[in-house]
Amino acid sequence: MARPVIGIIGNNYHLENRFSVQLAGENNLQAVADVLDALPLIFAGDPQITKLSDLLEVVDGVLLTGARANVHPSRFGVAAHPSHEPYDERRDALALPLIDACVERGVPLFGICRGFQEMNVAGGGSLHPEIRDLPGRMNHRMPRLETGEIHPDPAVVFADRHDVQLTPDGVFARILGSDLIRVNSLHGQGVLEIGDRIVAEGVAEDGTIEAIRVKDAAGFALGVQWHAEYDPQDNPVNRALFEAFGEAVRAHKASR
């Protein structure tokens, strides 16, 4: 039997300020190939290129990845500001209806970082462009040197930095076998108001929402704010999440 196909959303970039390209981080592809034993397939984060109905005929699951760009504030009723750029409005235009379609059809959906934020917005929630500016919140952005440059060592950048308290006997707690986990942290934007269709199942020590599920989903529909794709080959928390996603993907594939 052919391996499952996991659709991985692309991000719009201008390479060398000249070439329009669709990019997805290789760690996402490697996680799908290694842990799920599935075929990662990048699709364009642009509704002018990717037709949802065709995409969902091809893929057995969808991975919404992290990205440099923030979700555009107009998607949750807030005015945009230059200091919160860049944005990727073409990805917004595809990802939000894609989430709705996956939830309705039972296509397994796993959102990471920006993907997690997209799931909250699709579920009726809002985001704050800079979580660290809220009273009592810590800096969730990646570590930097004293010069302001991003730390050059990926092991430092992606190191576990804070705890996440999970809902007892919730979906995440059952998958991970614990109510308390420790995760990395590489985001500026975060959940402000939780969507009506979203259930928060994981919260950082400063109150920042870190793990969610879609309450009315017909299948697997989970999102995490941390970068679970970085090390699921070795990290037991992230591996368990990708394995659960893989089980849902295989079940969905078998039912088609």
# chains A, B, ... in the order shown; residues from 1 in each chain; ligands from 1

call {"tool": "residues_around", "arguments": {"residues": "His128 (chain A)", "least_positions_apart": "5", "cutoff": "10 Å", "atoms": "only C-alpha atoms", "output": "VMD selection string"}}
result
chain A and resid 73 78 84 133 to 134 188 to 193

call {"tool": "residues_around", "arguments": {"residues": "Cys113 (chain A)", "least_positions_apart": "5", "cutoff": "7 Å", "atoms": "only C-alpha atoms", "output": "list in words"}}
result
Thr65, Gly66, Val224, Gln225, Trp226 and His227 of chain A

call {"tool": "atom_distance", "arguments": {"atom1": "CA of Val164 (chain A)", "atom2": "CA of Pro135 (chain A)"}}
result
18.7 Å

call {"tool": "atom_distance", "arguments": {"atom1": "CA of Ser20 (chain A)", "atom2": "CA of Leu96 (chain A)"}}
result
21.9 Å

call {"tool": "select_by_dssp", "arguments": {"residues": "region 41-189 of chain A", "states": "alpha helix (DSSP H)", "output": "mmCIF file with N, CA, C and O atoms, in the first residue's frame"}}
result
data_model
loop_
_atom_site.group_PDB
_atom_site.id
_atom_site.type_symbol
_atom_site.label_atom_id
_atom_site.label_comp_id
_atom_site.auth_asym_id
_atom_site.auth_seq_id
_atom_site.Cartn_x
_atom_site.Cartn_y
_atom_site.Cartn_z
ATOM 1 N N LEU A 52 -8.962 23.980 -3.095
ATOM 2 C CA LEU A 52 -9.150 23.151 -1.910
ATOM 3 C C LEU A 52 -9.740 21.789 -2.223
ATOM 4 O O LEU A 52 -9.285 20.773 -1.690
ATOM 5 N N SER A 53 -10.746 21.746 -3.054
ATOM 6 C CA SER A 53 -11.397 20.465 -3.341
ATOM 7 C C SER A 53 -10.421 19.485 -3.970
ATOM 8 O O SER A 53 -10.417 18.287 -3.641
ATOM 9 N N ASP A 54 -9.558 19.967 -4.858
ATOM 10 C CA ASP A 54 -8.558 19.099 -5.484
ATOM 11 C C ASP A 54 -7.515 18.653 -4.463
ATOM 12 O O ASP A 54 -7.109 17.483 -4.436
ATOM 13 N N LEU A 55 -7.074 19.586 -3.622
ATOM 14 C CA LEU A 55 -6.077 19.263 -2.608
ATOM 15 C C LEU A 55 -6.569 18.155 -1.687
ATOM 16 O O LEU A 55 -5.845 17.185 -1.414
ATOM 17 N N LEU A 56 -7.806 18.261 -1.225
ATOM 18 C CA LEU A 56 -8.321 17.302 -0.261
ATOM 19 C C LEU A 56 -8.658 15.953 -0.885
ATOM 20 O O LEU A 56 -8.870 14.978 -0.162
ATOM 21 N N GLU A 57 -8.677 15.888 -2.209
ATOM 22 C CA GLU A 57 -8.795 14.606 -2.886
ATOM 23 C C GLU A 57 -7.459 13.869 -2.896
ATOM 24 O O GLU A 57 -7.419 12.647 -3.006
ATOM 25 N N VAL A 58 -6.376 14.627 -2.767
ATOM 26 C CA VAL A 58 -5.030 14.061 -2.906
ATOM 27 C C VAL A 58 -4.404 13.705 -1.563
ATOM 28 O O VAL A 58 -3.765 12.659 -1.424
ATOM 29 N N GLU A 89 -0.927 37.404 3.195
ATOM 30 C CA GLU A 89 -2.383 37.389 3.034
ATOM 31 C C GLU A 89 -2.853 36.293 2.085
ATOM 32 O O GLU A 89 -3.987 35.829 2.195
ATOM 33 N N ARG A 90 -1.995 35.875 1.167
ATOM 34 C CA ARG A 90 -2.389 34.770 0.287
ATOM 35 C C ARG A 90 -2.491 33.466 1.077
ATOM 36 O O ARG A 90 -3.421 32.679 0.873
ATOM 37 N N ARG A 91 -1.546 33.262 2.007
ATOM 38 C CA ARG A 91 -1.659 32.071 2.858
ATOM 39 C C ARG A 91 -2.907 32.163 3.732
ATOM 40 O O ARG A 91 -3.622 31.168 3.903
ATOM 41 N N ASP A 92 -3.169 33.336 4.313
ATOM 42 C CA ASP A 92 -4.393 33.509 5.104
ATOM 43 C C ASP A 92 -5.622 33.094 4.306
ATOM 44 O O ASP A 92 -6.517 32.408 4.814
ATOM 45 N N ALA A 93 -5.679 33.538 3.058
ATOM 46 C CA ALA A 93 -6.856 33.309 2.217
ATOM 47 C C ALA A 93 -7.057 31.834 1.900
ATOM 48 O O ALA A 93 -8.186 31.401 1.618
ATOM 49 N N LEU A 94 -5.983 31.058 1.949
ATOM 50 C CA LEU A 94 -6.112 29.621 1.716
ATOM 51 C C LEU A 94 -6.275 28.855 3.018
ATOM 52 O O LEU A 94 -7.136 27.972 3.133
ATOM 53 N N ALA A 95 -5.451 29.185 4.023
ATOM 54 C CA ALA A 95 -5.404 28.388 5.243
ATOM 55 C C ALA A 95 -6.711 28.417 6.025
ATOM 56 O O ALA A 95 -7.150 27.379 6.546
ATOM 57 N N LEU A 96 -7.352 29.581 6.124
ATOM 58 C CA LEU A 96 -8.558 29.663 6.962
ATOM 59 C C LEU A 96 -9.705 28.816 6.404
ATOM 60 O O LEU A 96 -10.308 28.033 7.153
ATOM 61 N N PRO A 97 -10.041 28.903 5.113
ATOM 62 C CA PRO A 97 -11.071 27.994 4.607
ATOM 63 C C PRO A 97 -10.619 26.536 4.577
ATOM 64 O O PRO A 97 -11.451 25.626 4.701
ATOM 65 N N LEU A 98 -9.318 26.299 4.435
ATOM 66 C CA LEU A 98 -8.811 24.930 4.476
ATOM 67 C C LEU A 98 -9.061 24.301 5.844
ATOM 68 O O LEU A 98 -9.441 23.125 5.939
ATOM 69 N N ILE A 99 -8.856 25.072 6.895
ATOM 70 C CA ILE A 99 -9.132 24.566 8.246
ATOM 71 C C ILE A 99 -10.594 24.165 8.372
ATOM 72 O O ILE A 99 -10.921 23.078 8.864
ATOM 73 N N ASP A 100 -11.485 25.028 7.918
ATOM 74 C CA ASP A 100 -12.913 24.721 7.975
ATOM 75 C C ASP A 100 -13.236 23.443 7.202
ATOM 76 O O ASP A 100 -14.016 22.601 7.661
ATOM 77 N N ALA A 101 -12.619 23.288 6.031
ATOM 78 C CA ALA A 101 -12.886 22.121 5.196
ATOM 79 C C ALA A 101 -12.371 20.844 5.857
ATOM 80 O O ALA A 101 -13.053 19.803 5.840
ATOM 81 N N CYS A 102 -11.185 20.898 6.439
ATOM 82 C CA CYS A 102 -10.635 19.728 7.122
ATOM 83 C C CYS A 102 -11.498 19.336 8.321
ATOM 84 O O CYS A 102 -11.771 18.145 8.549
ATOM 85 N N VAL A 103 -11.917 20.330 9.092
ATOM 86 C CA VAL A 103 -12.763 20.065 10.257
ATOM 87 C C VAL A 103 -14.069 19.414 9.835
ATOM 88 O O VAL A 103 -14.530 18.443 10.441
ATOM 89 N N GLU A 104 -14.671 19.923 8.774
ATOM 90 C CA GLU A 104 -15.958 19.396 8.313
ATOM 91 C C GLU A 104 -15.833 17.994 7.732
ATOM 92 O O GLU A 104 -16.695 17.133 7.969
ATOM 93 N N ARG A 105 -14.771 17.731 7.005
ATOM 94 C CA ARG A 105 -14.624 16.454 6.305
ATOM 95 C C ARG A 105 -13.884 15.401 7.108
ATOM 96 O O ARG A 105 -13.772 14.250 6.680
ATOM 97 N N ARG A 114 2.351 29.301 13.511
ATOM 98 C CA ARG A 114 1.402 30.075 12.725
ATOM 99 C C ARG A 114 0.154 29.244 12.416
ATOM 100 O O ARG A 114 -0.967 29.759 12.423
ATOM 101 N N GLY A 115 0.340 27.962 12.163
ATOM 102 C CA GLY A 115 -0.802 27.093 11.908
ATOM 103 C C GLY A 115 -1.749 27.017 13.093
ATOM 104 O O GLY A 115 -2.972 26.994 12.931
ATOM 105 N N PHE A 116 -1.185 26.967 14.292
ATOM 106 C CA PHE A 116 -1.960 27.009 15.536
ATOM 107 C C PHE A 116 -2.750 28.316 15.613
ATOM 108 O O PHE A 116 -3.940 28.335 15.957
ATOM 109 N N GLN A 117 -2.098 29.427 15.282
ATOM 110 C CA GLN A 117 -2.752 30.727 15.315
ATOM 111 C C GLN A 117 -3.860 30.813 14.269
ATOM 112 O O GLN A 117 -4.940 31.368 14.534
ATOM 113 N N GLU A 118 -3.624 30.263 13.094
ATOM 114 C CA GLU A 118 -4.654 30.224 12.050
ATOM 115 C C GLU A 118 -5.874 29.435 12.513
ATOM 116 O O GLU A 118 -7.013 29.817 12.231
ATOM 117 N N MET A 119 -5.648 28.340 13.212
ATOM 118 C CA MET A 119 -6.768 27.534 13.703
ATOM 119 C C MET A 119 -7.621 28.329 14.677
ATOM 120 O O MET A 119 -8.858 28.245 14.652
ATOM 121 N N ASN A 120 -6.981 29.112 15.550
ATOM 122 C CA ASN A 120 -7.748 29.928 16.488
ATOM 123 C C ASN A 120 -8.559 30.998 15.761
ATOM 124 O O ASN A 120 -9.721 31.243 16.099
ATOM 125 N N VAL A 121 -7.950 31.635 14.760
ATOM 126 C CA VAL A 121 -8.670 32.662 13.998
ATOM 127 C C VAL A 121 -9.822 32.038 13.222
ATOM 128 O O VAL A 121 -10.939 32.575 13.197
ATOM 129 N N ALA A 122 -9.576 30.887 12.582
ATOM 130 C CA ALA A 122 -10.649 30.205 11.852
ATOM 131 C C ALA A 122 -11.789 29.815 12.778
ATOM 132 O O ALA A 122 -12.958 29.763 12.355
ATOM 133 N N PRO A 154 21.285 26.444 16.648
ATOM 134 C CA PRO A 154 19.895 25.958 16.654
ATOM 135 C C PRO A 154 19.529 25.212 17.933
ATOM 136 O O PRO A 154 18.373 25.243 18.356
ATOM 137 N N ALA A 155 20.496 24.545 18.540
ATOM 138 C CA ALA A 155 20.209 23.816 19.772
ATOM 139 C C ALA A 155 19.798 24.756 20.893
ATOM 140 O O ALA A 155 19.003 24.398 21.769
ATOM 141 N N VAL A 156 20.334 25.976 20.875
ATOM 142 C CA VAL A 156 19.944 26.987 21.854
ATOM 143 C C VAL A 156 18.595 27.595 21.465
ATOM 144 O O VAL A 156 17.707 27.762 22.306
ATOM 145 N N VAL A 157 18.424 27.907 20.198
ATOM 146 C CA VAL A 157 17.190 28.537 19.719
ATOM 147 C C VAL A 157 15.985 27.642 19.968
ATOM 148 O O VAL A 157 14.917 28.105 20.391
ATOM 149 N N VAL A 171 -7.397 15.680 25.530
ATOM 150 C CA VAL A 171 -6.829 14.975 24.380
ATOM 151 C C VAL A 171 -5.307 14.981 24.432
ATOM 152 O O VAL A 171 -4.658 13.947 24.253
ATOM 153 N N PHE A 172 -4.711 16.136 24.706
ATOM 154 C CA PHE A 172 -3.250 16.225 24.753
ATOM 155 C C PHE A 172 -2.682 15.403 25.913
ATOM 156 O O PHE A 172 -1.670 14.713 25.755
ATOM 157 N N ALA A 173 -3.295 15.497 27.076
ATOM 158 C CA ALA A 173 -2.802 14.749 28.231
ATOM 159 C C ALA A 173 -2.854 13.249 27.974
ATOM 160 O O ALA A 173 -1.944 12.509 28.386
ATOM 161 N N ARG A 174 -3.877 12.793 27.276
ATOM 162 C CA ARG A 174 -3.979 11.366 26.971
ATOM 163 C C ARG A 174 -2.912 10.953 25.953
ATOM 164 O O ARG A 174 -2.315 9.873 26.071
ATOM 165 N N ILE A 175 -2.684 11.790 24.957
ATOM 166 C CA ILE A 175 -1.652 11.472 23.968
ATOM 167 C C ILE A 175 -0.273 11.441 24.606
ATOM 168 O O ILE A 175 0.543 10.546 24.330
ATOM 169 N N LEU A 176 -0.001 12.400 25.480
ATOM 170 C CA LEU A 176 1.336 12.569 26.030
ATOM 171 C C LEU A 176 1.558 11.844 27.352
ATOM 172 O O LEU A 176 2.698 11.748 27.825
#
